[in-house]
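What follows is one structure encoded as structure tokens, with my remarks underneath.
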Amino acid sequence: MSIASTTIYPAWLPSLFVISPWTEQTFEDLYAIFKKDFLDNPANYCGQRVWLFPEKERAKEVIFWHLVERENKELGGRVADHRRAERLPWARPMLDNLTDCHIMHWDYEEGDKTIKTYIWLKDFDYLIVLKRMPDISRRLITSFYIEYPNKRRDLERKYKQAI
């Protein structure tokens, strides 16, 4: 599924970040969005703090790389993910607009007993994943564009089994 031309964007949803061409400056521009949305003005989920580990890699928080890159097993590392990166401006507004009809969000207990919070902008195939901590705060884990029907089916199954 891709963003259909007939789909109406919610008024609160910003435009995609334009990536053309991809340069080292692209990372800096994306980092400015990340810094504004998550470092300078911490987010919350249903009134509970959303936090992130402060550890850095390549001079930026590790979580930043999980929001703009994907694992590439063939290359043995992370590589830029254009679809993830161009949607980075959506992450914070999604957290700020959880009651909007376009957003589905729920907690799900994974097989390893961790509880993850899924925030899905279903019509636009974008997902944010948080880890629910024992104090009920949430830790930002990742966000990504959903490319494959089997991932959508898996999310729908998890939604039906929400805790």
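In the structure tokens, each chain is lettered A, B, ... as it comes, each chain's residues begin at 1, and ligands are numbered from 1 in order of appearance.
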
Closest contacts (range 13-93 of chain A/range 133-137 of chain A, max 10 Å, only C-alpha atoms) as CSV:
residue,atom,partner,partner_atom,distance
A:Asn44,CA,A:Ser137,CA,8.4
A:Tyr45,CA,A:Ser137,CA,8.1
A:Cys46,CA,A:Ser137,CA,9.6
A:Gly47,CA,A:Ser137,CA,8.9
A:Gln48,CA,A:Ser137,CA,5.1
A:Arg49,CA,A:Ser137,CA,5.1
A:Val50,CA,A:Ser137,CA,6.1
A:Trp51,CA,A:Ser137,CA,7.7

For this session: Might you pull out every residue within 10 Å of Pro54 in chain A, with only C-alpha atoms counted and same-chain residues fewer than 4 positions away left off, and present them as a PyMOL selection string?
Result: chain A and resi 39+60-63

Put those residues in a file: N, CA and C atoms, as a PDB file, in the first residue's frame.
ATOM      1  N   LEU A  39      14.700  16.242  21.647  1.00  0.00           N
ATOM      2  CA  LEU A  39      15.691  16.646  22.643  1.00  0.00           C
ATOM      3  C   LEU A  39      15.331  17.977  23.293  1.00  0.00           C
ATOM      4  N   LYS A  60      25.913  11.484  17.171  1.00  0.00           N
ATOM      5  CA  LYS A  60      24.474  11.695  17.319  1.00  0.00           C
ATOM      6  C   LYS A  60      23.899  10.562  18.168  1.00  0.00           C
ATOM      7  N   GLU A  61      22.771  10.821  18.830  1.00  0.00           N
ATOM      8  CA  GLU A  61      22.148   9.796  19.650  1.00  0.00           C
ATOM      9  C   GLU A  61      21.885   8.556  18.803  1.00  0.00           C
ATOM     10  N   VAL A  62      22.116   7.394  19.392  1.00  0.00           N
ATOM     11  CA  VAL A  62      21.923   6.131  18.679  1.00  0.00           C
ATOM     12  C   VAL A  62      20.499   6.025  18.138  1.00  0.00           C
ATOM     13  N   ILE A  63      19.511   6.464  18.927  1.00  0.00           N
ATOM     14  CA  ILE A  63      18.125   6.357  18.473  1.00  0.00           C
ATOM     15  C   ILE A  63      17.888   7.162  17.194  1.00  0.00           C
TER      16      ILE A  63
END

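Residues of range 45-144 of chain A assigned to helix (DSSP H, G or I) by DSSP on this structure's backbone: Val62, Ile63, Phe64, Trp65, His66, Leu67, Val68, His82, Arg83, Arg84, Ala85, Glu86, Leu88, Pro89, Trp90, Ala91, Arg92, Pro93, Met94, Leu95, Asp96, Lys122, Asp123 and Phe124 of chain A.
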
Convert the current residue selection to file output with C-alpha atoms, as a short mmCIF file (atom, residue, chain, number, x, y, z; two decimals), in the first residue's frame.
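Produced file result10.cif, reproduced below:
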data_model
loop_
_atom_site.label_atom_id
_atom_site.label_comp_id
_atom_site.auth_asym_id
_atom_site.auth_seq_id
_atom_site.Cartn_x
_atom_site.Cartn_y
_atom_site.Cartn_z
CA VAL A 62 21.92 6.13 18.68
CA ILE A 63 18.12 6.36 18.47
CA PHE A 64 18.44 9.03 15.78
CA TRP A 65 20.07 6.48 13.51
CA HIS A 66 17.18 4.06 14.15
CA LEU A 67 14.78 6.73 12.91
CA VAL A 68 16.58 7.41 9.62
CA HIS A 82 14.83 7.25 2.51
CA ARG A 83 11.27 6.24 3.40
CA ARG A 84 12.05 6.26 7.12
CA ALA A 85 13.97 9.50 6.94
CA GLU A 86 11.44 11.44 4.88
CA LEU A 88 10.82 11.73 10.51
CA PRO A 89 8.83 15.00 10.70
CA TRP A 90 5.71 12.87 11.34
CA ALA A 91 6.94 11.17 14.53
CA ARG A 92 6.40 13.96 17.05
CA PRO A 93 3.07 15.15 15.59
CA MET A 94 1.80 11.56 15.83
CA LEU A 95 2.64 11.48 19.53
CA ASP A 96 0.94 14.85 19.95
CA LYS A 122 -2.18 3.13 9.24
CA ASP A 123 -3.35 4.91 6.08
CA PHE A 124 0.17 6.25 5.60
#

Problem set entry | Backbone-only DSSP, strand (DSSP E or B) members of range 31-146 of chain A, as an MDAnalysis selection string | chainID A and resid 44:45 48:51 56:57 60:61 69:72 77:80 103:109 115:121 126:132 138:145

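Remark: for Tyr118 in chain A, the closest of the candidate residues A:Leu13, A:Ala80, A:Ile163, A:Val18 is A:Ile163 (distances computed over only C-alpha atoms).
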
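Excluding Ile115 in chain A itself and same-chain residues fewer than 4 positions from it, the residues having an atom within 6 Å of it are Tyr108, Glu109 and Arg132 of chain A, counting only C-alpha atoms.
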
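CA of Ile128 in chain A sits 10.6 Å away from CA of Met104 in chain A.
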